[in-house]
Structure formats: structure tokens, C-alpha cells
Amino acid sequence: MRHRRPNVARGLANKLPILLICLPACGGGDSAGGPDGNGETPDVIILDEEQAPADRSDVSYVGNLLAKMDAGEWTLGEGLVATLQLFSGEREADSVLRHTELLSHEGTGIFLMAEEYRDDGADADARAEISRLLDLLVFSVADLEEMAGLGPKSARITTKGAAERCSKFFTGEPPGVGACLEQESTMIEGELYRIFFPADPLPQAGWTAAHVALAREAMQDAVPKYNELSNANGLAKMPPVAMVFSASNQGGVWGKTFPNPPEACAISVYTGLQSQPPDRFKQLLAHELAHCFQGATYPRQHAVQLNTMRWHFEGLAEYWSNVVYPEVDFEWRFLKKLEAIELTTSILFGRSYENFLFFQHLGSTIGNDAILRLVGTLPDYPDSDLGDQRDALASFSGMAQTYHEFVKAVTDGRVEDTSHALIPFEARAFEVGLYGKATPYVKVPLLRPFGVLRLLIGVDEGKRASLGFDGRGAVIESTGPASHGKSAGPAGQVVESVRDPAGRNWMQGVPSEIPEEECNTRKIILVATSSEPNAGFDLAVPDFDDVNDCCLHGGWVVNNDDIAELSTAGIGLPVSVSGQFSATFGTDGHVGFLWGGYTRAWSAQLPDADAQYTMTLNGGGTQSYSTRNANQLTYGGPELTPLQSETAPFDQIVEPYPVALDAWYGDVETTHLYECEGDTLTMFINGPGKVFDIDWSRVN
């Protein structure tokens with residue numbers, strides 16, 4: 001038995017870490033087992049997910065925390081303490097972060113998780129330290145007002161409490177006497193939006209009037225957009241917002257938001273955001289304002305634990321920021337992470353910011369109103385878990401098919417941005433080669449809910465495979481040509497392309513036989529998804545045979561000069577050829593020949609006189625044909641009609657007909673070497689004294 005398992009395993013392992021088992025199939029009752037038609041036992045390829053989670057430590061502070069927890073380096077309490085100490089300047093970044101350059105430097109998730117742990121965490125010492133750090137890092141709206149000399153506490157701005165707050169805000173800098181913050185306010189659609197920033201002559205920490213102007217513009221751009229969505233769906237509109245420009249670096253963090261405030265929504269912006277150009281600066285603020293929007297529209301859905309809701313909390317905030325600024329596309333930075341983990345982690349619930357791609361697809365297909373209705377169906381009780389989130393998403397009307405269409409769009413690179421530009425992301429697929437006569441079977445025991453499996457299916461050159469799909473559970477599958485993206489693989493090493501009769505790129509389901517009409521795109525991708533647990537499938541290959549060379553398909557006409565040269569050599573006299581001899585090679589393994597008024601003429605010296613001889617072919621016929629090893633063409637069979645007419649009896653002619661030409665219209669099976677490329681077909685025919693090149697030209 002010929003095994004190709006090392007090649008298959010290596011091809012898959014290069015794509016991502018999975019559990020891959022290749023072994024001879026067991027006999028007995030297993031439908032995937034048993035010998036093939038040649039008495040050989042097929043291989044079985046088992047695809048299963050590796051237990052170790054994908055490394056997401058470079059995505060965000062939360063991603064870093066969870067990755068180090070998964071690796072056993074931290075408990076949750078230890079990780080929260082370490083990250084908050086990074087924000088307070090008490091620890092260095094390289095002692096906390098695996099990757100100091102994160103894709104998102106937002107601190108919202110860490111602060112929300114820290115508040116959760118402070119209230120009911122398991123480690124009392126960690127709770128106490130988290131309380132200290134939150135008191136050091138978090139300023140309420142009332143604190144900001146007092147530090148700015150506003151409100152009923154303004155008369156006590158020089159009291160010890162106010163002075164301590166100002167000193168804490170400036171990380172130890174003596175605040176002097178009087179207010180330590182200034183504020184600029186604006187009314188937007190009936191609500192007050194304020195920006196607090198360091199008061200002159202205190203240290204400005206790099207903040208300028210230009211930053212304040214950008215923040216005001218972000219509010220003026222985002223709030224009407226979010227209110228429009230709220231009004232259209234009968235939801236609460238944007239709350240008032242108090243945004244403060246912090247005087248500290250906070251470990252490189254850009255900003256944080258508390259989306260469910262008792263008063264105004266509180267946003268803190270840190271000096272790390274100053275590194276961003278103006279357009280990205282505003283989009284990042286639109287992301288923070290989106291958290292305020294989320295907390296106002298569905299406060300209960302956004303009061304569950306952060307690790308339960310972050311799959312939609314952060315991904316949707318990224319998408320909403322793109323709705324406000326469709327041309328900036330700063331959220332596209334997460335595409336590089338999708339390229340690394342897209343096939344290793346459940347496509348929705350193991351992620352956060354990267355899920356902007358999912359919501360972007362929903363926005364361009366089912367619409368933003370439907371997205372808001374979807375959020376309203378998610379669990380709204382504090383102890384809900386990811387299983388509850390998954391079940392709610394699966395129950396949303398049409399979601400199983402919507403998600404499947406999303407996967408196909410991602411596979412093709414067809415997810416549309418709010419600007420209507422296509423988002424530049426091409427998904428990868430597992431390469432599964434179907435080699436030799438011992439054809440493999442692919443088994444997927446478990447397809448995770450809202451996960452995806454893509455298979456790029458290929459065969460040896462000159463072979464064709466039939467497919468059998470046996471799905472279990474709520475699995476949905478589709479097949480389509482793999483020519484859209486990078487996952488196509490080498491030309492000539494894959495099965496025939498699949499298109500449905502309507503000419504769309506994808507057809508639902510897996511065909512039992514792969515047609516040959518798309519022979520120039522000899523490749524398919526199979527995608528399978530499920531919205532429910534306990535789904536899986538087996539992909540069987542019940543038939544594996546030769547396929548004709550696609551280059552031959554279509555009509556050809558022979559070069560008469562080449563036939564004249566061959567005939568002259570065979571007869572021993574000059575031969576002239578006229579008319580047209582044509583052949584049409586079909587995809588069904590039959591070739592049709594047509595000779596109408598096709599003549600060969602020559603003169604022969606007989607004992608008593610000169611004789612002019614003309615042989616005329618009329619009519620047509622068909623024969624079967626096959627190709628082997630990409631350079632051998634065999635044709636012949638009884639269907640072809642015989643010679644139709646001649647101008648002299650055979651017994652008057654001394655020289656024999658050229659055997660090679662007779663084979664084209666006689667009851668003879670003939671094999672020739674050939675070359676086919678583009679619009680030229682060359683047959684190599686053994687003739688008297690040499691091998692003759694007979695050229696054909698494509699006519700359709």
C-alpha cells in the first residue's frame with residue numbers, strides 16, 4: 001500500500017496546531033473503513049481541535065491576562081493586580097506583558113474585571129490590593145467636578161480631600177491652590193458632554209487644545225449616529241458623558257470606559273493615545289463612546305461578567321466606531337490576528353475585538369437594527385455563561401444560515417466595510433490531498449458551535465475524486481471553487497471545480513460527483529459550520545479514477561500540410577491534401593471526428609498509363625478517448641464511420657494507405673504521444689523514417 005500520510009500531516013501542521021491522526025481505517029461496520037476497489041485499505045484523516053487554546057496575548061491587556069492564566073503563570077487575582085500595577089506605574093511592562101506592542105491598548109476590560117473581582121473574588125489579599133489600585137486609578141464624575149471647582153463641593157477645592165485627589169491625578173505633583181482641572185462642555189441633542197483636562201499652569205502631560213478639539217469632534221460625530229440607532233429601535237439614547245484627559249501614561253493604555261454609570265458615562269483617556277494620528281484618535285474615542293451607547297441601550301446585557309460578554313462587547317464597539325468613521329478602518333489591525341488564529345479558536349466566543357468582522361458582515365446583510373435586536377436577546381442575568389450566550393445567538397432568527405453565509409464571505413474575502421470597500425482578509429483552509437488508489441476519508445468528530453472548518457481538497461494530477469458527505473447534528477456545508485484566495489494550492493493538483501446550475505460561486509451541500517466542465521479551475525473548498533453543539537461529519541471518497549486532460553476539451557482542426565507530409569512519406573509519392581478534418585474532444589470521454597470534402601490526391605505510375613488517384617472522406621463519427629500521464633492520448637472504437645468514397649479501385653493502387661491516417665477513421669485503437677497547450681495540440685506519429693509532428697489548432 002502506498003502511504004502519503006507524512007505529506008498530509010505536514011501540510012496540515014503548517015497551517016495551525018491541531019490534533020491530526022492518520023491511520024489505516026478499521027474494518028467491520030465502520031462505513032469509512034474497508035478496502036477500496038483495488039483491495040487496499042484507505043487512510044483515515046481525523047481532524048480534531050487541540051486542547052491548548054490559541055495564544056491571544058498580543059491582542060489586548062485582557063488577552064494577555066487570560067493567556068498567562070491558561071499557561072499557569074497567574075491566577076485571575078494575581079493577573080489583575082499585576083496589570084493594575086502596570087497602569088499605576090508600580091510595575092514595568094516587560095514583567096507583565098508577553099507582547100509590549102498590543103493590537104489594542106484599551107483598559108476597559110481590565111477595569112471591569114477588576115471591579116468584578118473586588119466584589120466577589122476568591123483571594124482576599126488580591127481583593128484588597130485591587131481595591132487600593134482602583135482607588136488610585138479611578139475618578140468618579142463627582143471627583144472630576146470637584147477637582148475642576150464645579151458643583152456644590154467647589155468651595156472645598158482646597159480641602160485635604162480635594163488636594164489628595166489632585167495629587168493622585170497628577171501622580172504626586174503638588175497641585176498648588178485652586179482647581180487642578182479645566183473643562184469644556186457642549187450640548188449634543190439635549191445632553192451635556194464634557195471634557196476635563198489639566199488646568200494651567202499645572203503640567204499638561206502633552207495634551208493640547210488640538211486634542212480637546214478632536215475629542216469634541218468625536219463626540220459630535222458619534223453621538224448623533226448612536227442616537228439615530230437608538231431612536232429607530234425604541235432604545236435609550238446616549239447618556240451624558242464626562243471624558244477626562246489623564247496626566248499619567250498608565251502603562252501605555254489608551255483609554256477606559258465604565259459603560260453603566262449611575263450618572264454620566266465616565267471615559268478616561270491616557271497619554272498613550274497621543275501617539276495616534278487625528279483620524280485614528282477620533283475613531284478610538286468613538287469606540288469608547290460606543291461602550292457608553294452599549295450600556296445605555298442594553299444595560300442588563302452589559303452588566304454580565306466581562307469574560308462572558310466580551311465576544312460582542314469589544315467586537316461590536318469596534319464595528320460601531322467604523323459606522324461613525326467608515327473610511328478610517330483602524331479596526332483592520334485585528335485582521336493580522338485573525339490570520340494567525342482564525343481556525344484554532346471558536347470563531348466568536350473565544351475572541352473579542354476581532355469579532356468586528358462578524359458584526360461588519362451582519363451590518364451589511366441583515367442591518368444594524370437587527371444587530372441591536374440580537375443584542376437584546378442575549379442573556380441579561382449576572383451569572384450567565386458562554387453556553388447561555390451561544391444558545392441565545394443560535395436561537396436568533398436565521399442565525400445558523402446567516403453565520404454560514406458569513407463564513408463563505410470570509411472565505412472569499414467578500415466581507416464589506418461600512419464604506420462598501422471589501423475588507424482585505426482571506427481565510428486559510430486545511431489542505432487535504434487525495435493521493436493514489438488508497439483514497440482517504442476525513443473524519444471531523446466535533447465541529448464547535450460557531451466555529452468553522454475549511455477543507456481544500458486536492459487529488460493527484462490526472463485523477464478525479466467523487467465525494468460523499470455524512471453530516472451529523474446541525475452542520476451546514478457548502479462547496480465552491482478555491483480560486484478566490486491564497487488557499488488554492490498548486491495548479492493541476494486538485495479536484496474539479498464545483499458551481500451550481502445558476503452560476504453562483506457556492507453551491508449548498510457537497511456533490512456526489514464532481515463535474516468536469518470547469519476543468520481550468522481544478523479545485524474546491526468545502527466549508528462546514530454549525531450553530532449547535534454535537535455536530536460533526538465524515539467526508540468519504542467512494543470513487544477515484546482518471547480524468548481526461550482538460551486542455552483537449554473543445555474543437556480542433558488539423559494542419560493539412562502536416563498530413564500531406566506524413567502521407568507523402570507513407571505512399572512514396574507527392575500527396576496534396578484539401579478540405580478540413582476536425583475533431584471535438586468532449587468532457588464525457590468521447591471524441592467526434594468530422595471530415596467533409598476532405599481529400600488526399602496523388603499520381604501513381606501504372607504499367608499501361610498514368611493514373612490520377614483521389615481519396616475523399618465524407619461524413620463523421622465518434623470514438624472514445626482517454627489520456628494517461630498527461631502525454632498519452634488513446635482513441636478508437638467501432639462507432640466511427642468508414643471511408644466513404646474514392647476515385648479508383650484499391651486493386652489499381654500499388655502503395656498502401658498510411659496506417660496512421662487510417663486509424664483516425666477505422667476500427668482501430670491507437671495511442672499517440674501528444675502535447676496540448678493553449679490553442680495548440682501536437683500529436684507525435686511514428687511514420688516512415690521518423691516521428692511526424694501533426695499540429696491541430698483550436699477552433700472553439
# chains A, B, ... in the order shown; residues from 1 in each chain; ligands from 1
call {"tool": "residues_around", "arguments": {"residues": "Pro382 of chain A", "least_positions_apart": "4", "cutoff": "7 Å", "atoms": "only C-alpha atoms", "output": "list of chain:residue names"}}
result
A:Ala303, A:Val304, A:Gln305
call {"tool": "residues_around", "arguments": {"residues": "Val442 of chain A", "least_positions_apart": "4", "cutoff": "8 Å", "atoms": "only C-alpha atoms", "output": "short mmCIF file (atom, residue, chain, number, x, y, z; two decimals) with C-alpha atoms, in the first residue's frame"}}
result
data_model
loop_
_atom_site.label_atom_id
_atom_site.label_comp_id
_atom_site.auth_asym_id
_atom_site.auth_seq_id
_atom_site.Cartn_x
_atom_site.Cartn_y
_atom_site.Cartn_z
CA VAL A 44 -8.42 7.94 7.63
CA ILE A 45 -7.63 11.55 8.49
CA ILE A 46 -9.15 12.62 11.81
CA LEU A 47 -9.31 16.35 12.41
CA ASP A 538 -17.33 12.37 7.64
CA LEU A 539 -16.08 13.11 4.14
CA ALA A 540 -15.75 9.91 2.14
#
call {"tool": "select_by_dssp", "arguments": {"residues": "segment 227-314 of chain A", "states": "strand (DSSP E)", "output": "JSON list (two decimals) with N, CA, C and O atoms, in the first residue's frame"}}
result
[["chain", "number", "residue", "atom", "x", "y", "z"],
["A", 241, "VAL", "N", -21.86, 62.32, 29.00],
["A", 241, "VAL", "CA", -20.51, 61.75, 29.08],
["A", 241, "VAL", "C", -19.59, 62.75, 29.75],
["A", 241, "VAL", "O", -19.63, 63.95, 29.44],
["A", 242, "ALA", "N", -18.75, 62.22, 30.65],
["A", 242, "ALA", "CA", -17.67, 63.01, 31.24],
["A", 242, "ALA", "C", -16.36, 62.34, 30.84],
["A", 242, "ALA", "O", -16.06, 61.22, 31.27],
["A", 243, "MET", "N", -15.59, 62.99, 29.98],
["A", 243, "MET", "CA", -14.33, 62.45, 29.48],
["A", 243, "MET", "C", -13.19, 63.25, 30.10],
["A", 243, "MET", "O", -13.21, 64.48, 30.11],
["A", 244, "VAL", "N", -12.18, 62.54, 30.61],
["A", 244, "VAL", "CA", -11.06, 63.22, 31.23],
["A", 244, "VAL", "C", -9.76, 62.81, 30.56],
["A", 244, "VAL", "O", -9.55, 61.63, 30.26],
["A", 245, "PHE", "N", -8.92, 63.79, 30.28],
["A", 245, "PHE", "CA", -7.58, 63.53, 29.76],
["A", 245, "PHE", "C", -6.65, 63.35, 30.95],
["A", 245, "PHE", "O", -6.35, 64.30, 31.68],
["A", 255, "GLY", "N", -7.21, 54.16, 26.78],
["A", 255, "GLY", "CA", -8.42, 54.69, 27.39],
["A", 255, "GLY", "C", -9.20, 53.60, 28.09],
["A", 255, "GLY", "O", -8.94, 52.41, 27.93],
["A", 256, "LYS", "N", -10.20, 54.02, 28.88],
["A", 256, "LYS", "CA", -11.10, 53.06, 29.53],
["A", 256, "LYS", "C", -12.46, 53.73, 29.70],
["A", 256, "LYS", "O", -12.57, 54.97, 29.76],
["A", 257, "THR", "N", -13.49, 52.91, 29.77],
["A", 257, "THR", "CA", -14.86, 53.39, 29.90],
["A", 257, "THR", "C", -15.60, 52.53, 30.91],
["A", 257, "THR", "O", -15.43, 51.30, 30.93],
["A", 258, "PHE", "N", -16.42, 53.17, 31.77],
["A", 258, "PHE", "CA", -17.37, 52.45, 32.62],
["A", 258, "PHE", "C", -18.75, 52.67, 32.01],
["A", 258, "PHE", "O", -19.34, 53.74, 32.13],
["A", 265, "CYS", "N", -21.68, 58.76, 31.80],
["A", 265, "CYS", "CA", -20.75, 57.70, 31.40],
["A", 265, "CYS", "C", -19.33, 58.27, 31.50],
["A", 265, "CYS", "O", -19.04, 59.33, 30.95],
["A", 266, "ALA", "N", -18.46, 57.57, 32.22],
["A", 266, "ALA", "CA", -17.12, 58.08, 32.51],
["A", 266, "ALA", "C", -16.10, 57.46, 31.57],
["A", 266, "ALA", "O", -15.96, 56.24, 31.50],
["A", 267, "ILE", "N", -15.38, 58.30, 30.86],
["A", 267, "ILE", "CA", -14.32, 57.86, 29.94],
["A", 267, "ILE", "C", -13.02, 58.52, 30.38],
["A", 267, "ILE", "O", -12.97, 59.74, 30.56],
["A", 268, "SER", "N", -11.98, 57.72, 30.52],
["A", 268, "SER", "CA", -10.64, 58.25, 30.80],
["A", 268, "SER", "C", -9.78, 58.03, 29.57],
["A", 268, "SER", "O", -9.77, 56.94, 28.99],
["A", 269, "VAL", "N", -9.06, 59.06, 29.16],
["A", 269, "VAL", "CA", -8.16, 58.99, 28.01],
["A", 269, "VAL", "C", -6.75, 59.26, 28.52],
["A", 269, "VAL", "O", -6.52, 60.22, 29.26]]
call {"tool": "residues_around", "arguments": {"residues": "Ile685 of chain A", "least_positions_apart": "5", "cutoff": "8 Å", "atoms": "only C-alpha atoms", "output": "PDB file with C-alpha atoms, in the first residue's frame"}}
result
ATOM      1  CA  ALA A 660      -1.553   6.198 -39.028  1.00  0.00           C
ATOM      2  CA  HIS A 672      -0.062   8.685 -29.571  1.00  0.00           C
ATOM      3  CA  LEU A 673       2.180  10.893 -27.535  1.00  0.00           C
ATOM      4  CA  VAL A 691       8.301  10.728 -35.925  1.00  0.00           C
ATOM      5  CA  PHE A 692       5.973  13.259 -37.525  1.00  0.00           C
ATOM      6  CA  ASP A 693       4.504  16.269 -35.694  1.00  0.00           C
ATOM      7  CA  ILE A 694       0.834  16.690 -36.575  1.00  0.00           C
TER       8      ILE A 694
END
call {"tool": "atom_distance", "arguments": {"atom1": "atom CA of Ser230 of chain A", "atom2": "atom CA of Ala392 of chain A"}}
result
21.8 Å
call {"tool": "select_by_dssp", "arguments": {"residues": "segment 529-597 of chain A", "states": "helix (DSSP H, G or I)", "output": "number ranges by chain"}}
result
A: 550-552, 560-571
call {"tool": "closest_residue", "arguments": {"among": "A:Thr587, A:Ser578, A:Thr402, A:Thr680", "to": "Met615 of chain A", "atoms": "only C-alpha atoms"}}
result
A:Ser578
